[in-house]
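Coordinates from data-v3.json are shown below (JSON, C-alpha atoms).
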[["chain", "number", "residue", "atom", "x", "y", "z"],
["O", 1356, "MET", "CA", 6.97, 14.16, -94.58],
["O", 1357, "VAL", "CA", 6.52, 16.75, -97.27],
["O", 1358, "GLY", "CA", 3.04, 17.33, -95.85],
["O", 1359, "GLY", "CA", 4.59, 18.33, -92.53],
["O", 1360, "LEU", "CA", 6.95, 20.74, -94.25],
["O", 1361, "PHE", "CA", 4.01, 22.15, -96.17],
["O", 1362, "ILE", "CA", 2.10, 22.78, -92.94],
["O", 1363, "ILE", "CA", 5.10, 24.51, -91.37],
["O", 1364, "ILE", "CA", 5.41, 26.94, -94.20],
["O", 1365, "THR", "CA", 1.82, 27.65, -95.11],
["O", 1366, "SER", "CA", -0.08, 27.83, -91.85],
["O", 1367, "GLN", "CA", -0.15, 31.09, -90.00],
["O", 1368, "ASN", "CA", -0.91, 29.67, -86.62],
["O", 1369, "TYR", "CA", 2.22, 29.03, -84.60],
["O", 1370, "LEU", "CA", 0.82, 26.01, -82.77],
["O", 1371, "LYS", "CA", 0.10, 24.42, -86.12],
["O", 1372, "LYS", "CA", 3.68, 25.08, -87.13],
["O", 1373, "VAL", "CA", 4.91, 23.16, -84.10],
["O", 1374, "VAL", "CA", 2.57, 20.30, -85.03],
["O", 1375, "GLY", "CA", 3.94, 20.37, -88.58],
["O", 1376, "LEU", "CA", 7.46, 20.05, -87.19],
["O", 1377, "ALA", "CA", 6.40, 17.02, -85.14],
["O", 1378, "ILE", "CA", 4.83, 15.39, -88.22],
["O", 1379, "PHE", "CA", 7.95, 16.05, -90.26],
["O", 1380, "GLN", "CA", 10.06, 14.40, -87.57],
["O", 1381, "THR", "CA", 7.83, 11.37, -87.21],
["O", 1382, "ALA", "CA", 7.87, 10.75, -90.95],
["O", 1383, "VAL", "CA", 11.66, 10.69, -90.91],
["O", 1384, "PHE", "CA", 11.53, 8.20, -88.03],
["O", 1385, "VAL", "CA", 9.23, 5.90, -89.98],
["O", 1386, "PHE", "CA", 11.66, 6.02, -92.89],
["O", 1387, "PHE", "CA", 14.59, 5.12, -90.62],
["O", 1388, "VAL", "CA", 12.77, 2.22, -89.04],
["O", 1389, "SER", "CA", 11.71, 0.93, -92.44],
["O", 1390, "LEU", "CA", 15.40, 0.64, -93.33],
["O", 1391, "ALA", "CA", 15.87, -1.72, -90.40],
["O", 1392, "LYS", "CA", 13.21, -4.20, -91.51],
["O", 1393, "VAL", "CA", 14.38, -7.65, -92.56],
["O", 1394, "LEU", "CA", 11.86, -9.78, -94.43],
["O", 1395, "ASP", "CA", 10.80, -12.85, -92.41],
["O", 1396, "GLY", "CA", 12.70, -11.42, -89.45],
["O", 1397, "THR", "CA", 11.25, -10.80, -86.01],
["O", 1398, "ALA", "CA", 11.73, -8.10, -83.43],
["O", 1399, "PRO", "CA", 15.35, -8.02, -82.15],
["O", 1400, "ILE", "CA", 14.68, -9.96, -78.96],
["O", 1401, "LEU", "CA", 16.80, -13.06, -78.93],
["O", 1402, "THR", "CA", 14.89, -16.33, -78.81],
["O", 1403, "LYS", "CA", 15.66, -19.89, -79.75],
["O", 1404, "ILE", "CA", 13.07, -20.22, -82.51],
["O", 1405, "ALA", "CA", 13.72, -17.12, -84.61],
["O", 1406, "ASN", "CA", 16.60, -17.15, -87.05],
["O", 1407, "ALA", "CA", 16.44, -13.64, -88.50],
["O", 1408, "TYR", "CA", 16.10, -10.39, -86.60],
["O", 1409, "SER", "CA", 15.43, -6.84, -87.67],
["O", 1410, "ASN", "CA", 18.34, -4.47, -87.41],
["O", 1411, "PRO", "CA", 18.37, -3.11, -83.82],
["O", 1412, "LEU", "CA", 20.68, -0.16, -84.50],
["O", 1413, "PRO", "CA", 18.16, 2.19, -86.22],
["O", 1414, "HIS", "CA", 15.67, 1.29, -83.49],
["O", 1415, "VAL", "CA", 18.07, 2.59, -80.87],
["O", 1416, "LEU", "CA", 18.73, 5.78, -82.82],
["O", 1417, "ILE", "CA", 15.02, 6.45, -83.25],
["O", 1418, "LEU", "CA", 14.30, 5.65, -79.62],
["O", 1419, "THR", "CA", 16.69, 8.44, -78.69],
["O", 1420, "ALA", "CA", 15.35, 10.75, -81.37],
["O", 1421, "ILE", "CA", 11.69, 10.39, -80.31],
["O", 1422, "VAL", "CA", 12.47, 11.59, -76.82],
["O", 1423, "VAL", "CA", 14.58, 14.46, -78.11],
["O", 1424, "GLY", "CA", 11.74, 15.34, -80.50],
["O", 1425, "VAL", "CA", 9.32, 15.63, -77.61],
["O", 1426, "ALA", "CA", 11.80, 17.89, -75.84],
["O", 1427, "THR", "CA", 12.05, 20.18, -78.87],
["O", 1428, "SER", "CA", 8.31, 20.36, -79.32],
["O", 1429, "ALA", "CA", 7.89, 21.18, -75.62],
["O", 1430, "LEU", "CA", 10.37, 24.02, -76.07],
["O", 1431, "GLY", "CA", 8.47, 25.19, -79.16],
["O", 1432, "LEU", "CA", 5.19, 25.15, -77.27],
["O", 1433, "ALA", "CA", 6.73, 27.19, -74.45],
["O", 1434, "LEU", "CA", 7.90, 29.73, -77.06],
["O", 1435, "VAL", "CA", 4.39, 29.88, -78.53],
["O", 1436, "LEU", "CA", 2.89, 30.48, -75.10],
["O", 1437, "GLN", "CA", 5.37, 33.25, -74.40],
["O", 1438, "ILE", "CA", 4.60, 34.83, -77.79],
["O", 1439, "TYR", "CA", 0.91, 34.71, -76.92],
["O", 1440, "ARG", "CA", 1.55, 36.42, -73.60],
["O", 1441, "ASN", "CA", 3.41, 39.23, -75.31],
["O", 1442, "TYR", "CA", 1.29, 39.77, -78.41],
["O", 1443, "GLU", "CA", -2.08, 38.24, -77.44],
["O", 1444, "THR", "CA", -2.20, 36.42, -80.75],
["O", 1445, "ILE", "CA", -0.34, 33.55, -82.37],
["O", 1446, "GLU", "CA", -1.19, 34.30, -85.97],
["O", 1447, "GLU", "CA", 1.83, 35.32, -87.99],
["O", 1448, "LYS", "CA", 0.21, 38.09, -90.04],
["O", 1449, "GLU", "CA", -1.31, 39.76, -86.97],
["O", 1450, "ILE", "CA", 2.03, 39.76, -85.20],
["O", 1451, "GLN", "CA", 3.64, 41.30, -88.26],
["O", 1452, "SER", "CA", 1.06, 44.09, -88.40],
["O", 1453, "LEU", "CA", 1.49, 44.72, -84.65],
["O", 1454, "GLU", "CA", 5.22, 45.00, -85.20],
["O", 1455, "LEU", "CA", 4.76, 47.47, -88.04],
["O", 1456, "LYS", "CA", 2.43, 49.56, -85.88],
["O", 1457, "SER", "CA", 4.85, 49.67, -83.00],
["O", 1458, "ASP", "CA", 7.73, 50.69, -85.26],
["O", 1459, "LYS", "CA", 5.93, 53.83, -86.41],
["Y", 1252, "MET", "CA", 2.32, -9.79, -98.90],
["Y", 1253, "ASN", "CA", 0.14, -9.26, -95.85],
["Y", 1254, "PHE", "CA", 2.86, -7.12, -94.35],
["Y", 1255, "LEU", "CA", 2.95, -4.83, -97.37],
["Y", 1256, "LEU", "CA", -0.84, -4.53, -97.45],
["Y", 1257, "ILE", "CA", -1.05, -3.52, -93.79],
["Y", 1258, "ASN", "CA", 1.78, -1.07, -94.29],
["Y", 1259, "PHE", "CA", 0.12, 0.49, -97.31],
["Y", 1260, "PHE", "CA", -3.16, 0.84, -95.44],
["Y", 1261, "LEU", "CA", -1.51, 2.48, -92.40],
["Y", 1262, "ILE", "CA", 0.51, 4.87, -94.51],
["Y", 1263, "SER", "CA", -2.54, 5.97, -96.48],
["Y", 1264, "LEU", "CA", -4.29, 6.60, -93.14],
["Y", 1265, "LEU", "CA", -1.27, 8.72, -92.17],
["Y", 1266, "LEU", "CA", -1.66, 10.76, -95.35],
["Y", 1267, "VAL", "CA", -5.37, 11.30, -94.64],
["Y", 1268, "THR", "CA", -4.57, 12.43, -91.09],
["Y", 1269, "THR", "CA", -1.93, 14.85, -92.34],
["Y", 1270, "PHE", "CA", -4.40, 16.28, -94.83],
["Y", 1271, "PHE", "CA", -6.97, 16.90, -92.12],
["Y", 1272, "ILE", "CA", -4.39, 18.47, -89.80],
["Y", 1273, "PHE", "CA", -3.62, 20.78, -92.69],
["Y", 1274, "LYS", "CA", -7.31, 21.52, -93.29],
["Y", 1275, "THR", "CA", -8.68, 22.07, -89.83],
["Y", 1276, "THR", "CA", -8.44, 25.36, -87.96],
["Y", 1277, "SER", "CA", -9.59, 24.38, -84.50],
["Y", 1278, "LEU", "CA", -6.50, 23.95, -82.35],
["Y", 1279, "ILE", "CA", -7.85, 21.20, -80.13],
["Y", 1280, "SER", "CA", -8.72, 19.02, -83.11],
["Y", 1281, "VAL", "CA", -5.26, 19.64, -84.55],
["Y", 1282, "VAL", "CA", -3.84, 18.32, -81.29],
["Y", 1283, "ALA", "CA", -6.16, 15.30, -81.28],
["Y", 1284, "LEU", "CA", -5.26, 14.48, -84.87],
["Y", 1285, "THR", "CA", -1.57, 14.71, -84.00],
["Y", 1286, "GLY", "CA", -2.15, 12.15, -81.27],
["Y", 1287, "ALA", "CA", -3.87, 9.90, -83.80],
["Y", 1288, "PHE", "CA", -0.97, 10.43, -86.20],
["Y", 1289, "THR", "CA", 1.66, 9.30, -83.71],
["Y", 1290, "LEU", "CA", -0.50, 6.34, -82.65],
["Y", 1291, "LEU", "CA", -0.75, 5.24, -86.28],
["Y", 1292, "CYS", "CA", 3.01, 5.60, -86.51],
["Y", 1293, "SER", "CA", 3.45, 3.26, -83.57],
["Y", 1294, "ALA", "CA", 1.22, 0.73, -85.35],
["Y", 1295, "ILE", "CA", 3.55, 1.03, -88.34],
["Y", 1296, "TYR", "CA", 6.54, 0.43, -86.06],
["Y", 1297, "VAL", "CA", 4.96, -2.77, -84.75],
["Y", 1298, "ASN", "CA", 4.41, -3.84, -88.32],
["Y", 1299, "LEU", "CA", 8.07, -3.12, -89.05],
["Y", 1300, "ASP", "CA", 9.21, -5.28, -86.09],
["Y", 1301, "ALA", "CA", 10.37, -2.29, -84.04],
["Y", 1302, "VAL", "CA", 8.43, -3.06, -80.86],
["Y", 1303, "ASP", "CA", 10.60, -0.93, -78.57],
["Y", 1304, "VAL", "CA", 10.21, 2.06, -80.81],
["Y", 1305, "ALA", "CA", 6.45, 1.51, -81.00],
["Y", 1306, "PHE", "CA", 6.28, 1.37, -77.22],
["Y", 1307, "THR", "CA", 8.22, 4.61, -76.83],
["Y", 1308, "GLU", "CA", 6.25, 6.35, -79.55],
["Y", 1309, "ALA", "CA", 2.93, 5.36, -77.98],
["Y", 1310, "ALA", "CA", 4.04, 6.45, -74.51],
["Y", 1311, "VAL", "CA", 6.13, 9.52, -75.21],
["Y", 1312, "GLY", "CA", 5.10, 10.62, -78.70],
["Y", 1313, "SER", "CA", 1.37, 10.25, -78.44],
["Y", 1314, "GLY", "CA", 1.11, 10.39, -74.66],
["Y", 1315, "ILE", "CA", 3.30, 13.09, -73.18],
["Y", 1316, "SER", "CA", 3.51, 15.25, -76.27],
["Y", 1317, "THR", "CA", -0.28, 15.23, -76.73],
["Y", 1318, "ILE", "CA", -0.73, 16.18, -73.08],
["Y", 1319, "LEU", "CA", 1.72, 19.06, -73.49],
["Y", 1320, "MET", "CA", -0.06, 20.23, -76.63],
["Y", 1321, "VAL", "CA", -3.49, 20.05, -74.98],
["Y", 1322, "MET", "CA", -2.16, 22.12, -72.09],
["Y", 1323, "ALA", "CA", -0.80, 24.69, -74.53],
["Y", 1324, "ALA", "CA", -3.94, 24.70, -76.68],
["Y", 1325, "ALA", "CA", -6.11, 25.27, -73.62],
["Y", 1326, "LYS", "CA", -4.29, 28.54, -72.93],
["Y", 1327, "LEU", "CA", -4.25, 29.70, -76.53],
["Y", 1328, "PRO", "CA", -7.14, 31.32, -78.39],
["Y", 1329, "GLU", "CA", -9.17, 29.41, -80.95],
["Y", 1330, "GLY", "CA", -7.47, 29.23, -84.36],
["Y", 1331, "LYS", "CA", -8.75, 31.59, -87.02],
["Y", 1332, "LYS", "CA", -9.53, 30.74, -90.58],
["Y", 1333, "ASN", "CA", -6.76, 32.78, -92.08],
["Y", 1334, "LYS", "CA", -5.44, 32.73, -95.58],
["Y", 1335, "LEU", "CA", -2.49, 30.45, -96.18],
["Y", 1336, "ILE", "CA", 0.80, 32.23, -96.53],
["Y", 1337, "ASN", "CA", 3.61, 31.48, -98.99],
["Y", 1338, "LEU", "CA", 1.37, 29.02, -100.80],
["Y", 1339, "PHE", "CA", 3.02, 29.05, -104.21],
["Y", 1340, "PRO", "CA", 6.72, 28.77, -103.19],
["Y", 1341, "SER", "CA", 5.90, 26.07, -100.68],
["Y", 1342, "ILE", "CA", 4.13, 23.99, -103.33],
["Y", 1343, "ILE", "CA", 7.23, 24.23, -105.52],
["Y", 1344, "LEU", "CA", 9.45, 23.31, -102.56],
["Y", 1345, "ALA", "CA", 7.26, 20.37, -101.55],
["Y", 1346, "VAL", "CA", 7.08, 18.95, -105.08],
["Y", 1347, "SER", "CA", 10.80, 19.27, -105.68],
["Y", 1348, "ILE", "CA", 11.69, 17.71, -102.32],
["Y", 1349, "SER", "CA", 9.35, 14.80, -102.93],
["Y", 1350, "LEU", "CA", 10.89, 14.27, -106.38],
["Y", 1351, "ILE", "CA", 14.38, 14.21, -104.87],
["Y", 1352, "LEU", "CA", 13.22, 11.77, -102.19],
["Y", 1353, "ILE", "CA", 11.60, 9.47, -104.74],
["Y", 1354, "ILE", "CA", 14.83, 9.41, -106.76],
["Y", 1355, "ILE", "CA", 16.83, 8.60, -103.62],
["Y", 1356, "ILE", "CA", 14.40, 5.89, -102.51],
["Y", 1357, "ALA", "CA", 14.57, 4.27, -105.95],
["Y", 1358, "ASN", "CA", 18.31, 3.83, -105.39],
["Y", 1359, "LEU", "CA", 17.96, 2.31, -101.91],
["Y", 1360, "PRO", "CA", 18.00, -1.46, -101.37],
["Y", 1361, "LEU", "CA", 14.55, -3.08, -101.39],
["Y", 1362, "LEU", "CA", 12.47, -3.07, -98.22],
["Y", 1363, "GLY", "CA", 13.39, -6.07, -96.09],
["Y", 1364, "ASP", "CA", 16.39, -7.14, -98.13],
["Y", 1365, "PRO", "CA", 18.58, -9.10, -95.66],
["Y", 1366, "ASN", "CA", 21.77, -8.36, -97.64],
["Y", 1367, "ALA", "CA", 21.43, -4.58, -97.56],
["Y", 1368, "PRO", "CA", 24.64, -2.86, -96.37],
["Y", 1369, "ILE", "CA", 22.94, -1.67, -93.19],
["Y", 1370, "HIS", "CA", 22.54, -5.27, -91.99],
["Y", 1371, "LEU", "CA", 26.09, -6.42, -92.69],
["Y", 1372, "HIS", "CA", 28.24, -4.11, -90.57],
["Y", 1373, "VAL", "CA", 28.46, -4.13, -86.72],
["Y", 1374, "VAL", "CA", 24.95, -5.45, -86.22],
["Y", 1375, "PRO", "CA", 25.73, -9.19, -86.69],
["Y", 1376, "GLU", "CA", 28.25, -8.93, -83.86],
["Y", 1377, "TYR", "CA", 25.73, -7.14, -81.67],
["Y", 1378, "LEU", "CA", 23.17, -9.85, -82.29],
["Y", 1379, "LYS", "CA", 25.68, -12.62, -81.64],
["Y", 1380, "GLU", "CA", 27.59, -11.28, -78.64],
["Y", 1381, "SER", "CA", 25.21, -9.19, -76.61],
["Y", 1382, "LYS", "CA", 23.49, -12.18, -75.00],
["Y", 1383, "ASP", "CA", 26.78, -13.47, -73.61],
["Y", 1384, "PHE", "CA", 27.96, -10.05, -72.50],
["Y", 1385, "PHE", "CA", 24.90, -8.70, -70.76],
["Y", 1386, "HIS", "CA", 22.52, -11.67, -70.33],
["Y", 1387, "ILE", "CA", 19.58, -9.62, -71.60],
["Y", 1388, "PRO", "CA", 17.74, -11.04, -74.59],
["Y", 1389, "ASN", "CA", 16.56, -7.65, -75.84],
["Y", 1390, "VAL", "CA", 19.28, -6.40, -78.18],
["Y", 1391, "VAL", "CA", 17.81, -2.90, -78.41],
["Y", 1392, "THR", "CA", 18.18, -2.45, -74.66],
["Y", 1393, "ASN", "CA", 21.73, -3.78, -74.79],
["Y", 1394, "ILE", "CA", 22.78, -1.31, -77.46],
["Y", 1395, "LEU", "CA", 20.93, 1.59, -75.89],
["Y", 1396, "ALA", "CA", 22.26, 1.14, -72.39],
["Y", 1397, "SER", "CA", 25.61, -0.52, -72.93],
["Y", 1398, "TYR", "CA", 27.17, -0.26, -76.37],
["Y", 1399, "ARG", "CA", 25.82, 3.23, -77.00],
["Y", 1400, "GLY", "CA", 25.45, 4.36, -73.41],
["Y", 1401, "PHE", "CA", 27.06, 7.72, -74.07],
["Y", 1402, "ASP", "CA", 24.44, 8.52, -76.70],
["Y", 1403, "THR", "CA", 21.79, 7.99, -74.10],
["Y", 1404, "LEU", "CA", 23.70, 10.22, -71.69],
["Y", 1405, "GLY", "CA", 23.75, 12.92, -74.36],
["Y", 1406, "GLU", "CA", 20.02, 12.47, -74.87],
["Y", 1407, "THR", "CA", 19.44, 12.98, -71.17],
["Y", 1408, "ILE", "CA", 21.52, 16.16, -71.27],
["Y", 1409, "VAL", "CA", 19.40, 17.42, -74.20],
["Y", 1410, "ILE", "CA", 16.20, 16.77, -72.28],
["Y", 1411, "PHE", "CA", 17.62, 18.51, -69.22],
["Y", 1412, "THR", "CA", 18.55, 21.54, -71.31],
["Y", 1413, "ALA", "CA", 15.12, 21.60, -72.90],
["Y", 1414, "GLY", "CA", 13.53, 21.45, -69.46],
["Y", 1415, "ILE", "CA", 15.62, 24.39, -68.28],
["Y", 1416, "GLY", "CA", 14.65, 26.28, -71.42],
["Y", 1417, "VAL", "CA", 10.94, 25.61, -70.96],
["Y", 1418, "ILE", "CA", 11.04, 26.71, -67.33],
["Y", 1419, "ALA", "CA", 13.02, 29.83, -68.20],
["Y", 1420, "LEU", "CA", 10.61, 30.73, -70.98],
["Y", 1421, "LEU", "CA", 7.45, 30.16, -68.99],
["Y", 1422, "THR", "CA", 8.55, 31.98, -65.85],
["Y", 1423, "SER", "CA", 10.19, 35.03, -67.38],
["Y", 1424, "ASN", "CA", 8.10, 38.14, -67.86],
["Y", 1425, "THR", "CA", 10.92, 40.25, -69.24],
["Y", 1426, "LEU", "CA", 10.66, 39.18, -72.84],
["Y", 1427, "ASN", "CA", 8.37, 42.02, -73.91],
["Y", 1428, "ARG", "CA", 10.35, 44.17, -76.28],
["Y", 1429, "LYS", "CA", 8.31, 47.34, -76.78],
["Y", 1430, "THR", "CA", 6.60, 49.50, -74.21],
["Y", 1431, "ASN", "CA", 3.12, 49.14, -75.67],
["Y", 1432, "PHE", "CA", 3.42, 45.39, -75.34],
["Y", 1433, "LYS", "CA", 4.47, 45.77, -71.75],
["Y", 1434, "LYS", "CA", 1.04, 47.03, -70.86],
["Y", 1435, "ASN", "CA", -0.60, 44.02, -72.44],
["Y", 1436, "ASN", "CA", 1.83, 41.79, -70.65],
["Y", 1437, "LYS", "CA", 0.97, 43.16, -67.22],
["Y", 1438, "LYS", "CA", -2.66, 42.49, -67.88],
["Y", 1439, "ASN", "CA", -1.88, 38.98, -68.96],
["Y", 1440, "GLU", "CA", 0.17, 37.81, -66.01],
["Y", 1441, "ARG", "CA", -1.29, 34.84, -64.23]]
Could you render the structure as structure tokens?
Amino acid sequence: MVGGLFIIITSQNYLKKVVGLAIFQTAVFVFFVSLAKVLDGTAPILTKIANAYSNPLPHVLILTAIVVGVATSALGLALVLQIYRNYETIEEKEIQSLELKSDK
Amino acid sequence: MNFLLINFFLISLLLVTTFFIFKTTSLISVVALTGAFTLLCSAIYVNLDAVDVAFTEAAVGSGISTILMVMAAAKLPEGKKNKLINLFPSIILAVSISLILIIIIANLPLLGDPNAPIHLHVVPEYLKESKDFFHIPNVVTNILASYRGFDTLGETIVIFTAGIGVIALLTSNTLNRKTNFKKNNKKNER
């Protein structure tokens, strides 16, 4: 999770930043699902043999969040593409220097 | 015991993947490694008894999102080996956040403890009643579609909004802000 945050901040490439965001998100999801685990439990599908189930509520939340996460990363990728169309680069430093040039 | 071993192995693989995503500069391999990362995550979900989540992650997380990223990476130029920015403050931030998280995790109930507070409220009723109410054995589906149906409606609205945003971003050519970028933009239209 911290690794994802690290990638977001340190890498210059915008696509890599989007990837870092996705990693960050997925790590949080894994944490949430790990809270739902019950030892000796099974998946929350009701059967006659099992007597303990994992907690289904975090599963539902994460199910929703995964899909929303894909939507946000799609939006981020569209932004990156549009930035590339306008600046012909997706490296942060190069965009900054282009900006400085155009301000003069 | 087995469960913990598998989990440890998968999580160390995740760390290795993250490290290589951080290292590599080629965009297409970043995308491929992200796909591998999400696939590993779905393996972890199976190990944690969250089969529905694993299914969704494998289909949506590592399927659709990887396809989207490959499509974006195909249009973008090859990544350059640039110097890392903000290296020192981000190391401080990362270390402090991980310390805070470790302190918090030490105070959480143990992994798999059946008497943790999360398992005692609302969920026992869901597990007991949902079969009689909806006649579907899968409790996750029951909660998603019935008990928490409005959440799912909200999710759909979010996806719809994101779709509108993506279409608006990709079709608009008016976002260029300075005249010398306008020239580049004209050249770039496809």
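Straight-line separation from CA of Val1422 in chain O to CA of Leu1344 in chain Y: 28.4 Å.
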Problem - Given only C-alpha atoms as the counted atoms, nearest of O:Leu1455, O:Leu1416, O:Leu1430, O:Val1383 to chain Y - result: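 Comparing O:Leu1455, O:Leu1416, O:Leu1430, O:Val1383 against chain Y, the winner is O:Leu1430.
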Exercise for the section: Define the interface residues of chain O facing chain Y as those within 6 Å, counting all atoms listed in the file, and report them as a list of chain:residue names. Expected result: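 So the contacting residues turn out to be O:Val1357, O:Thr1365, O:Ser1366, O:Lys1392, O:Val1393, O:Leu1394, O:Thr1397, O:Ala1398, O:Pro1399, O:Ile1400, O:Leu1401, O:Pro1411, O:Val1415, O:Leu1418, O:Val1425, O:Ala1426, O:Leu1430, O:Ala1433, O:Asn1441.
Rounded to one decimal, CA of His1414 in chain O and CA of Ala1391 in chain O lie 7.5 Å from each other.
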Practice task
Work out how far apart CA of Ala1287 in chain Y and CA of Phe1386 in chain O are and give it in Å to one decimal.
Solution key: 18.4 Å
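When only C-alpha atoms are used to measure the gap to Leu1376 in chain O, the shortest distance among O:Ser1389, O:Asn1406, O:Thr1427, O:Thr1419 belongs to O:Thr1427.
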Please output range 1398-1415 of chain O, rebuilt to include N, CA and C atoms, as an mmCIF file, keeping the file's coordinate frame.
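What follows is the written file selection23.cif:
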data_model
loop_
_atom_site.group_PDB
_atom_site.id
_atom_site.type_symbol
_atom_site.label_atom_id
_atom_site.label_comp_id
_atom_site.auth_asym_id
_atom_site.auth_seq_id
_atom_site.Cartn_x
_atom_site.Cartn_y
_atom_site.Cartn_z
ATOM 1 N N ALA O 1398 11.201 -9.190 -84.239
ATOM 2 C CA ALA O 1398 11.730 -8.100 -83.430
ATOM 3 C C ALA O 1398 13.057 -8.545 -82.809
ATOM 4 N N PRO O 1399 14.008 -7.612 -82.629
ATOM 5 C CA PRO O 1399 15.350 -8.020 -82.150
ATOM 6 C C PRO O 1399 15.387 -8.395 -80.678
ATOM 7 N N ILE O 1400 14.609 -9.394 -80.306
ATOM 8 C CA ILE O 1400 14.680 -9.960 -78.960
ATOM 9 C C ILE O 1400 15.076 -11.415 -79.147
ATOM 10 N N LEU O 1401 16.216 -11.761 -78.587
ATOM 11 C CA LEU O 1401 16.800 -13.060 -78.930
ATOM 12 C C LEU O 1401 15.971 -14.210 -78.364
ATOM 13 N N THR O 1402 15.594 -15.124 -79.230
ATOM 14 C CA THR O 1402 14.890 -16.330 -78.810
ATOM 15 C C THR O 1402 15.539 -17.523 -79.498
ATOM 16 N N LYS O 1403 15.065 -18.705 -79.150
ATOM 17 C CA LYS O 1403 15.660 -19.890 -79.750
ATOM 18 C C LYS O 1403 15.027 -20.218 -81.102
ATOM 19 N N ILE O 1404 13.762 -19.807 -81.280
ATOM 20 C CA ILE O 1404 13.070 -20.220 -82.510
ATOM 21 C C ILE O 1404 13.415 -19.339 -83.706
ATOM 22 N N ALA O 1405 13.549 -18.022 -83.470
ATOM 23 C CA ALA O 1405 13.720 -17.120 -84.610
ATOM 24 C C ALA O 1405 15.124 -17.257 -85.171
ATOM 25 N N ASN O 1406 15.251 -17.098 -86.483
ATOM 26 C CA ASN O 1406 16.600 -17.150 -87.050
ATOM 27 C C ASN O 1406 16.994 -15.851 -87.747
ATOM 28 N N ALA O 1407 16.065 -14.927 -87.931
ATOM 29 C CA ALA O 1407 16.440 -13.640 -88.500
ATOM 30 C C ALA O 1407 15.809 -12.536 -87.663
ATOM 31 N N TYR O 1408 16.590 -11.505 -87.412
ATOM 32 C CA TYR O 1408 16.100 -10.390 -86.600
ATOM 33 C C TYR O 1408 16.176 -9.106 -87.408
ATOM 34 N N SER O 1409 15.295 -8.162 -87.074
ATOM 35 C CA SER O 1409 15.430 -6.840 -87.670
ATOM 36 C C SER O 1409 16.668 -6.164 -87.098
ATOM 37 N N ASN O 1410 17.122 -5.156 -87.806
ATOM 38 C CA ASN O 1410 18.340 -4.470 -87.410
ATOM 39 C C ASN O 1410 18.061 -3.607 -86.174
ATOM 40 N N PRO O 1411 18.708 -3.870 -85.027
ATOM 41 C CA PRO O 1411 18.370 -3.110 -83.820
ATOM 42 C C PRO O 1411 18.968 -1.706 -83.791
ATOM 43 N N LEU O 1412 19.954 -1.430 -84.626
ATOM 44 C CA LEU O 1412 20.680 -0.160 -84.500
ATOM 45 C C LEU O 1412 19.799 1.049 -84.829
ATOM 46 N N PRO O 1413 19.069 1.054 -85.971
ATOM 47 C CA PRO O 1413 18.160 2.190 -86.220
ATOM 48 C C PRO O 1413 17.099 2.321 -85.143
ATOM 49 N N HIS O 1414 16.659 1.216 -84.560
ATOM 50 C CA HIS O 1414 15.670 1.290 -83.490
ATOM 51 C C HIS O 1414 16.203 2.114 -82.340
ATOM 52 N N VAL O 1415 17.472 1.859 -81.986
ATOM 53 C CA VAL O 1415 18.070 2.590 -80.870
ATOM 54 C C VAL O 1415 18.146 4.077 -81.196
#
